[in-house]
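For reference, the structure is listed below as structure tokens.
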Amino acid sequence: MGYDFGNLVNNTTSDSGQVLNDLPHNYGCLDQIILRTNDQIQADSEIKIRVSTSDPSIEPIEMTFTNLLVVNIVPETIAPGDTAQIIPKLKNPDGSLSDFPIEQTFEIGMLDGCALGMIKTATDSGVYVDAALQPFYFIADTGAVEGTVKLRVGVIEGMSSSSLLNNNFKSRKSENQIKKSSASDNRREAKSFIDGGVIGEYCFLGDLYSVVTGDANVVVGNVCATLPKCTENNAGKKPNIEIMDFPDGTDGKNKCNNVSGITYMLWSENEKKLFLPIEIENCCDENANVIQFGIKNDLMTLRAIVTACEDVIVDQGYTILYNTTELKTKVPQNLRALLQLYSDLDIFLDYFTNENPSSPFYPIELAWEHEFQHKRNYVNEIFNVVNKDFDYLDYSKLDVTCNKYSELNDVVNEMKSNFEKRFSYFEKESIKFQFKVWGKKDGTPKEIENYRKNEINTHNAIAKKVIDKYKTEIKKLILSLPK
């Protein structure tokens with residue numbers, strides 16, 4: 001069991017393989033035999049080893065080795081010039097992972113990918129380091145090409161390898177010291193070995209001397225390699241748009257002037273933004289060799305003053321009704337007052353009426369719903385139309401080639417800068433389109449006509465529903481009056 005995970009090694013003769021025969025022993029102890037695992041072994045992999053003798057009267061025994069050293073790389077993929085931390089962990093019997101004692105030392109070697117970078121500890125660096133205390137890292141060379149680095153971490157005896165190996169294999173200290181000396185020489189020989197153009201089994205000469213080892217890989221690539229793979233082409237993809245309400249006075253804009261309500265887009269001015277900050281999401285399109293631009297949830301939130309102007313309404317002599325319940329608490333409960341309000345509510349169906357109602361009550365829902373309808377119209381009739389007809393917010397126009405930068409922050413900064421430029425064009429086009437279809441309150445005769453038409457249409461979309469609701473409640477109050 002576990003044939004693919006390693007070999008038995010005779011420390012005395014250097015013989016290795018799946019089967020070792022004719023082994024000498026020390027009163028039944030095979031202390032010269034170690035188990036050397038490879039990079040195929042996982043955190044919970046098991047290897048079963050069978051030991052038999054030439055004496056048929058002695059029953060064979062079986063031992064199970066469970067790999068209890070886990071090596072994590074954080075992050076597993078890095079760009080040239082970036083750093084990944086190498087983190088050895090101890091696997092507990094319950095499957096959980098725990099840290100090694102801070103005084104535990106390790107040896108770390110690069111098995112493959114030696115031209116891509118080096119191992120770095122507090123006191124040493126290279127393709128092999130010895131007697132290293134955590135933390136230690138792999139640093140990719142700034143000029144590295146894409147590739148995979150294979151790392152091997154060994155636990156140096158002293159923490160007691162028997163706590164990591166749940167079997168009877170244990171190397172002799174004297175032989176380990178010989179291997180340790182040889183392994184330490186690797187560090188000195190590695191540079192000339194590599195510079196000489198000689199390709200060996202590993203980046204460093206020989207092998208780790210530790211009995212307990214664990215392997216892990218770190219991938220080195222351009223910035224694109226550090227990102228998730230794109231699942232779709234973003235050409236033509238654009239964000240959805242929503243409007244968030246802000247009170248009058250935001251950004252120093254006071255718009256409640258002789259109006260019952262206002263919806264005012266907070267157009268960019270003096271570095272103030274019409275939209276809330278976006279969160280950019282990137283992915284790698286390997287086929288096109290680009291980093292795709294995206295916005296989290298594909299949603300942009302724009303800022304606008306959206307409010308009923310209660311002070312203006314009160315200054316006009318009205319008492320505000322905040323809901324239908326206040327018909328009973330604010331309106332006199334007699335037939336004359338209720339009938340007068342019932343009749344006067346119809347006056348509010350005309351947005352530009354000059355008629356003054358006799359009843360001094362004003363349902364504030366009329367103002368709020370009118371502005372909410374404006375907000376919906378801004379999205380549906382202005383922004384969505386401009387967004388559809390122009391490519392200012394097309395995600396693909398903001399993509400960056402994978403090889404342009406070595407740092408993701410540089411990619412994001414370019415995307416943000418270009419996005420803000422393109423959004424300013426979108427904003428200007430939206431203003432121009434708004435004046436074209438909705439007109440202006442103080443524009444040309446045609447613009448004034450369009451402005452009035454837009455206000456009437458907006459009001460008609462909500463007024464009858466609100467007024468009918470209040471009339472229904474007034475009828476109930478009239479019917480409940482004493483006979």
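Going through the structure tokens in order, the chains are called A, B, and so on, while each chain numbers its residues from 1 and the ligands are numbered from 1 in the order shown.
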I'd like the neighbourhood of Val218 of chain A as a list in words, where a residue qualifies if any of its atoms comes within 9 Å (using only C-alpha atoms), though same-chain residues fewer than 6 positions away should be ignored.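 Skipping anything fewer than 6 positions along the chain leaves Ile73, Val74, Pro75, Glu76, Thr77, Ile78, Ala84, Phe138, Gly147, Thr148, Val149, Lys150 and Leu151 of chain A.
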Could those residues be written to a file, using N, CA and C atoms, as a compact mmCIF listing (two decimals), in the first residue's frame?
```
# COMPACT_ATOMS: atom_id res chain seq x y z
N ILE A 73 1.97 26.56 1.14
CA ILE A 73 2.59 27.72 0.49
C ILE A 73 1.53 28.82 0.38
N VAL A 74 1.84 29.99 0.88
CA VAL A 74 0.87 31.10 0.88
C VAL A 74 1.52 32.36 0.31
N PRO A 75 1.05 32.83 -0.87
CA PRO A 75 0.08 32.17 -1.73
C PRO A 75 0.76 31.11 -2.59
N GLU A 76 -0.04 30.26 -3.21
CA GLU A 76 0.53 29.17 -4.00
C GLU A 76 1.03 29.65 -5.35
N THR A 77 0.53 30.78 -5.83
CA THR A 77 0.94 31.34 -7.11
C THR A 77 1.40 32.77 -6.89
N ILE A 78 2.57 33.10 -7.41
CA ILE A 78 3.10 34.46 -7.25
C ILE A 78 3.66 34.95 -8.58
N ALA A 84 6.39 34.20 -1.40
CA ALA A 84 5.44 33.25 -0.83
C ALA A 84 6.04 32.69 0.46
N PHE A 138 9.90 31.74 -0.05
CA PHE A 138 10.45 31.63 -1.39
C PHE A 138 10.24 32.97 -2.08
N GLY A 147 6.84 29.18 -14.45
CA GLY A 147 7.27 27.83 -14.12
C GLY A 147 6.83 27.43 -12.74
N THR A 148 7.15 26.21 -12.36
CA THR A 148 6.78 25.66 -11.05
C THR A 148 8.03 25.31 -10.27
N VAL A 149 8.07 25.74 -9.04
CA VAL A 149 9.17 25.44 -8.13
C VAL A 149 8.71 24.34 -7.18
N LYS A 150 9.50 23.28 -7.10
CA LYS A 150 9.21 22.20 -6.16
C LYS A 150 10.12 22.35 -4.95
N LEU A 151 9.51 22.42 -3.79
CA LEU A 151 10.24 22.62 -2.54
C LEU A 151 10.10 21.39 -1.65
```
Mind running segment 294-314 of chain A against segment 369-379 of chain A at 10 Å and telling me each contacting residue's nearest atom pair with the distance in Å (one decimal), counting only C-alpha atoms, chain and number ascending, as a Markdown table?
```
| residue | atom | partner | partner_atom | distance |
| --- | --- | --- | --- | --- |
| A:Leu302 | CA | A:Val379 | CA | 9.8 |
| A:Ala304 | CA | A:Lys375 | CA | 8.6 |
| A:Ile305 | CA | A:Glu371 | CA | 9.7 |
| A:Val306 | CA | A:Glu371 | CA | 6.3 |
| A:Thr307 | CA | A:Glu371 | CA | 6.8 |
| A:Ala308 | CA | A:Glu371 | CA | 7.4 |
```
So which residues of segment 254-440 of chain A fall under alpha helix (DSSP H) by DSSP, listed as a ChimeraX atom specification? /A:310-315,326-330,335-344,364-377,384-389,408-438
For C-alpha atoms, I'd like the residues from the last selection saved as an mmCIF file, in the first residue's frame.
```cif
data_model
loop_
_atom_site.group_PDB
_atom_site.id
_atom_site.type_symbol
_atom_site.label_atom_id
_atom_site.label_comp_id
_atom_site.auth_asym_id
_atom_site.auth_seq_id
_atom_site.Cartn_x
_atom_site.Cartn_y
_atom_site.Cartn_z
ATOM 1 C CA GLU A 310 -41.010 69.391 4.074
ATOM 2 C CA ASP A 311 -39.986 72.913 5.142
ATOM 3 C CA VAL A 312 -41.201 74.320 1.835
ATOM 4 C CA ILE A 313 -44.525 72.478 2.180
ATOM 5 C CA VAL A 314 -45.012 73.728 5.753
ATOM 6 C CA ASP A 315 -44.115 77.287 4.694
ATOM 7 C CA GLU A 326 -52.768 60.632 10.834
ATOM 8 C CA LEU A 327 -56.105 61.275 9.073
ATOM 9 C CA LYS A 328 -57.647 60.373 12.413
ATOM 10 C CA THR A 329 -55.187 62.198 14.669
ATOM 11 C CA LYS A 330 -54.655 65.438 12.713
ATOM 12 C CA LEU A 335 -68.276 65.288 8.367
ATOM 13 C CA ARG A 336 -67.492 68.768 7.026
ATOM 14 C CA ALA A 337 -63.721 68.543 7.509
ATOM 15 C CA LEU A 338 -63.464 65.007 6.134
ATOM 16 C CA LEU A 339 -65.582 65.794 3.067
ATOM 17 C CA GLN A 340 -63.574 68.933 2.351
ATOM 18 C CA LEU A 341 -60.285 67.006 2.455
ATOM 19 C CA TYR A 342 -61.794 64.232 0.323
ATOM 20 C CA SER A 343 -62.677 66.809 -2.339
ATOM 21 C CA ASP A 344 -59.460 68.823 -2.097
ATOM 22 C CA ILE A 364 -46.193 63.771 2.126
ATOM 23 C CA GLU A 365 -46.275 60.501 0.168
ATOM 24 C CA LEU A 366 -47.176 62.563 -2.898
ATOM 25 C CA ALA A 367 -43.811 64.322 -2.754
ATOM 26 C CA TRP A 368 -41.780 61.245 -1.849
ATOM 27 C CA GLU A 369 -43.359 58.968 -4.459
ATOM 28 C CA HIS A 370 -42.946 61.661 -7.110
ATOM 29 C CA GLU A 371 -39.187 61.802 -6.399
ATOM 30 C CA PHE A 372 -38.858 58.021 -6.211
ATOM 31 C CA GLN A 373 -40.489 57.871 -9.630
ATOM 32 C CA HIS A 374 -37.947 60.421 -10.887
ATOM 33 C CA LYS A 375 -35.176 58.197 -9.525
ATOM 34 C CA ARG A 376 -36.554 55.165 -11.356
ATOM 35 C CA ASN A 377 -36.854 57.234 -14.531
ATOM 36 C CA ASN A 384 -29.646 52.618 -19.019
ATOM 37 C CA VAL A 385 -30.219 54.176 -22.442
ATOM 38 C CA VAL A 386 -26.839 55.939 -22.493
ATOM 39 C CA ASN A 387 -25.132 52.831 -21.150
ATOM 40 C CA LYS A 388 -26.697 50.771 -23.929
ATOM 41 C CA ASP A 389 -25.958 53.214 -26.764
ATOM 42 C CA LEU A 408 -1.421 43.688 -9.382
ATOM 43 C CA ASN A 409 -1.732 47.057 -7.638
ATOM 44 C CA ASP A 410 -0.334 48.726 -10.746
ATOM 45 C CA VAL A 411 -2.940 46.960 -12.864
ATOM 46 C CA VAL A 412 -5.776 48.042 -10.561
ATOM 47 C CA ASN A 413 -4.538 51.633 -10.421
ATOM 48 C CA GLU A 414 -4.492 51.888 -14.205
ATOM 49 C CA MET A 415 -7.966 50.379 -14.405
ATOM 50 C CA LYS A 416 -9.332 52.810 -11.813
ATOM 51 C CA SER A 417 -7.809 55.801 -13.570
ATOM 52 C CA ASN A 418 -9.146 54.777 -16.966
ATOM 53 C CA PHE A 419 -12.536 53.921 -15.507
ATOM 54 C CA GLU A 420 -12.914 57.393 -13.993
ATOM 55 C CA LYS A 421 -12.009 59.016 -17.305
ATOM 56 C CA ARG A 422 -14.515 56.906 -19.189
ATOM 57 C CA PHE A 423 -17.185 57.482 -16.557
ATOM 58 C CA SER A 424 -16.760 61.241 -16.910
ATOM 59 C CA TYR A 425 -17.638 60.835 -20.599
ATOM 60 C CA PHE A 426 -20.647 58.724 -19.615
ATOM 61 C CA GLU A 427 -21.718 61.401 -17.149
ATOM 62 C CA LYS A 428 -21.494 64.206 -19.716
ATOM 63 C CA GLU A 429 -23.420 62.151 -22.249
ATOM 64 C CA SER A 430 -26.103 61.441 -19.630
ATOM 65 C CA ILE A 431 -26.518 65.149 -18.820
ATOM 66 C CA LYS A 432 -26.798 65.984 -22.504
ATOM 67 C CA PHE A 433 -29.333 63.205 -23.069
ATOM 68 C CA GLN A 434 -31.346 64.235 -19.991
ATOM 69 C CA PHE A 435 -31.748 67.793 -21.278
ATOM 70 C CA LYS A 436 -32.682 66.448 -24.688
ATOM 71 C CA VAL A 437 -35.515 64.179 -23.535
ATOM 72 C CA TRP A 438 -36.604 65.936 -20.309
#
```
Atomic separation - atom CA of Ala122 of chain A relative to atom CA of Phe106 of chain A, Å: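 If I compute the distance from atom CA of Phe106 of chain A to atom CA of Ala122 of chain A, I get 12.8 Å.
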Considering only C-alpha atoms, return as a list in words whatever protein or nucleic-acid residues lie within 9 Å of Ile108 of chain A, sequence-local ones (same chain, fewer than 3 positions apart) excluded. Ile119, Val127, Tyr128, Val129, Asp130, Ala131, Ala132, Leu151, Arg152, Val153, Gly154 and Leu208 of chain A
Prev. selection, C-alpha atoms, output as an mmCIF file, in the first residue's frame:
```
data_model
loop_
_atom_site.group_PDB
_atom_site.id
_atom_site.type_symbol
_atom_site.label_atom_id
_atom_site.label_comp_id
_atom_site.auth_asym_id
_atom_site.auth_seq_id
_atom_site.Cartn_x
_atom_site.Cartn_y
_atom_site.Cartn_z
ATOM 1 C CA ILE A 119 14.661 30.317 -0.461
ATOM 2 C CA VAL A 127 18.488 26.890 -3.301
ATOM 3 C CA TYR A 128 19.178 25.057 -0.017
ATOM 4 C CA VAL A 129 19.167 26.323 3.576
ATOM 5 C CA ASP A 130 19.861 24.457 6.777
ATOM 6 C CA ALA A 131 18.989 24.916 10.455
ATOM 7 C CA ALA A 132 16.284 27.406 9.554
ATOM 8 C CA LEU A 151 10.242 22.615 -2.544
ATOM 9 C CA ARG A 152 11.091 20.026 0.090
ATOM 10 C CA VAL A 153 11.049 20.797 3.819
ATOM 11 C CA GLY A 154 12.727 18.544 6.356
ATOM 12 C CA LEU A 208 17.884 16.343 2.510
#
```
To one decimal place, how far is atom CA of Cys203 of chain A from atom CA of Gly126 of chain A in Å?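 Taking atom CA of Cys203 of chain A and atom CA of Gly126 of chain A, their separation equals 10.0 Å.
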What gap, in Å, lies between atom CA of Lys404 of chain A and atom CA of Met118 of chain A?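 About the pair atom CA of Lys404 of chain A and atom CA of Met118 of chain A: they are 24.1 Å apart.
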Long-range neighbours of segment 286-295 of chain A as a PyMOL selection string, 9 Å cut-off, only C-alpha atoms, 3 positions minimum in chain: chain A and resi 223-225+227+229-230+233-234+237-239+278-283+298-300+395-403+411-412+415
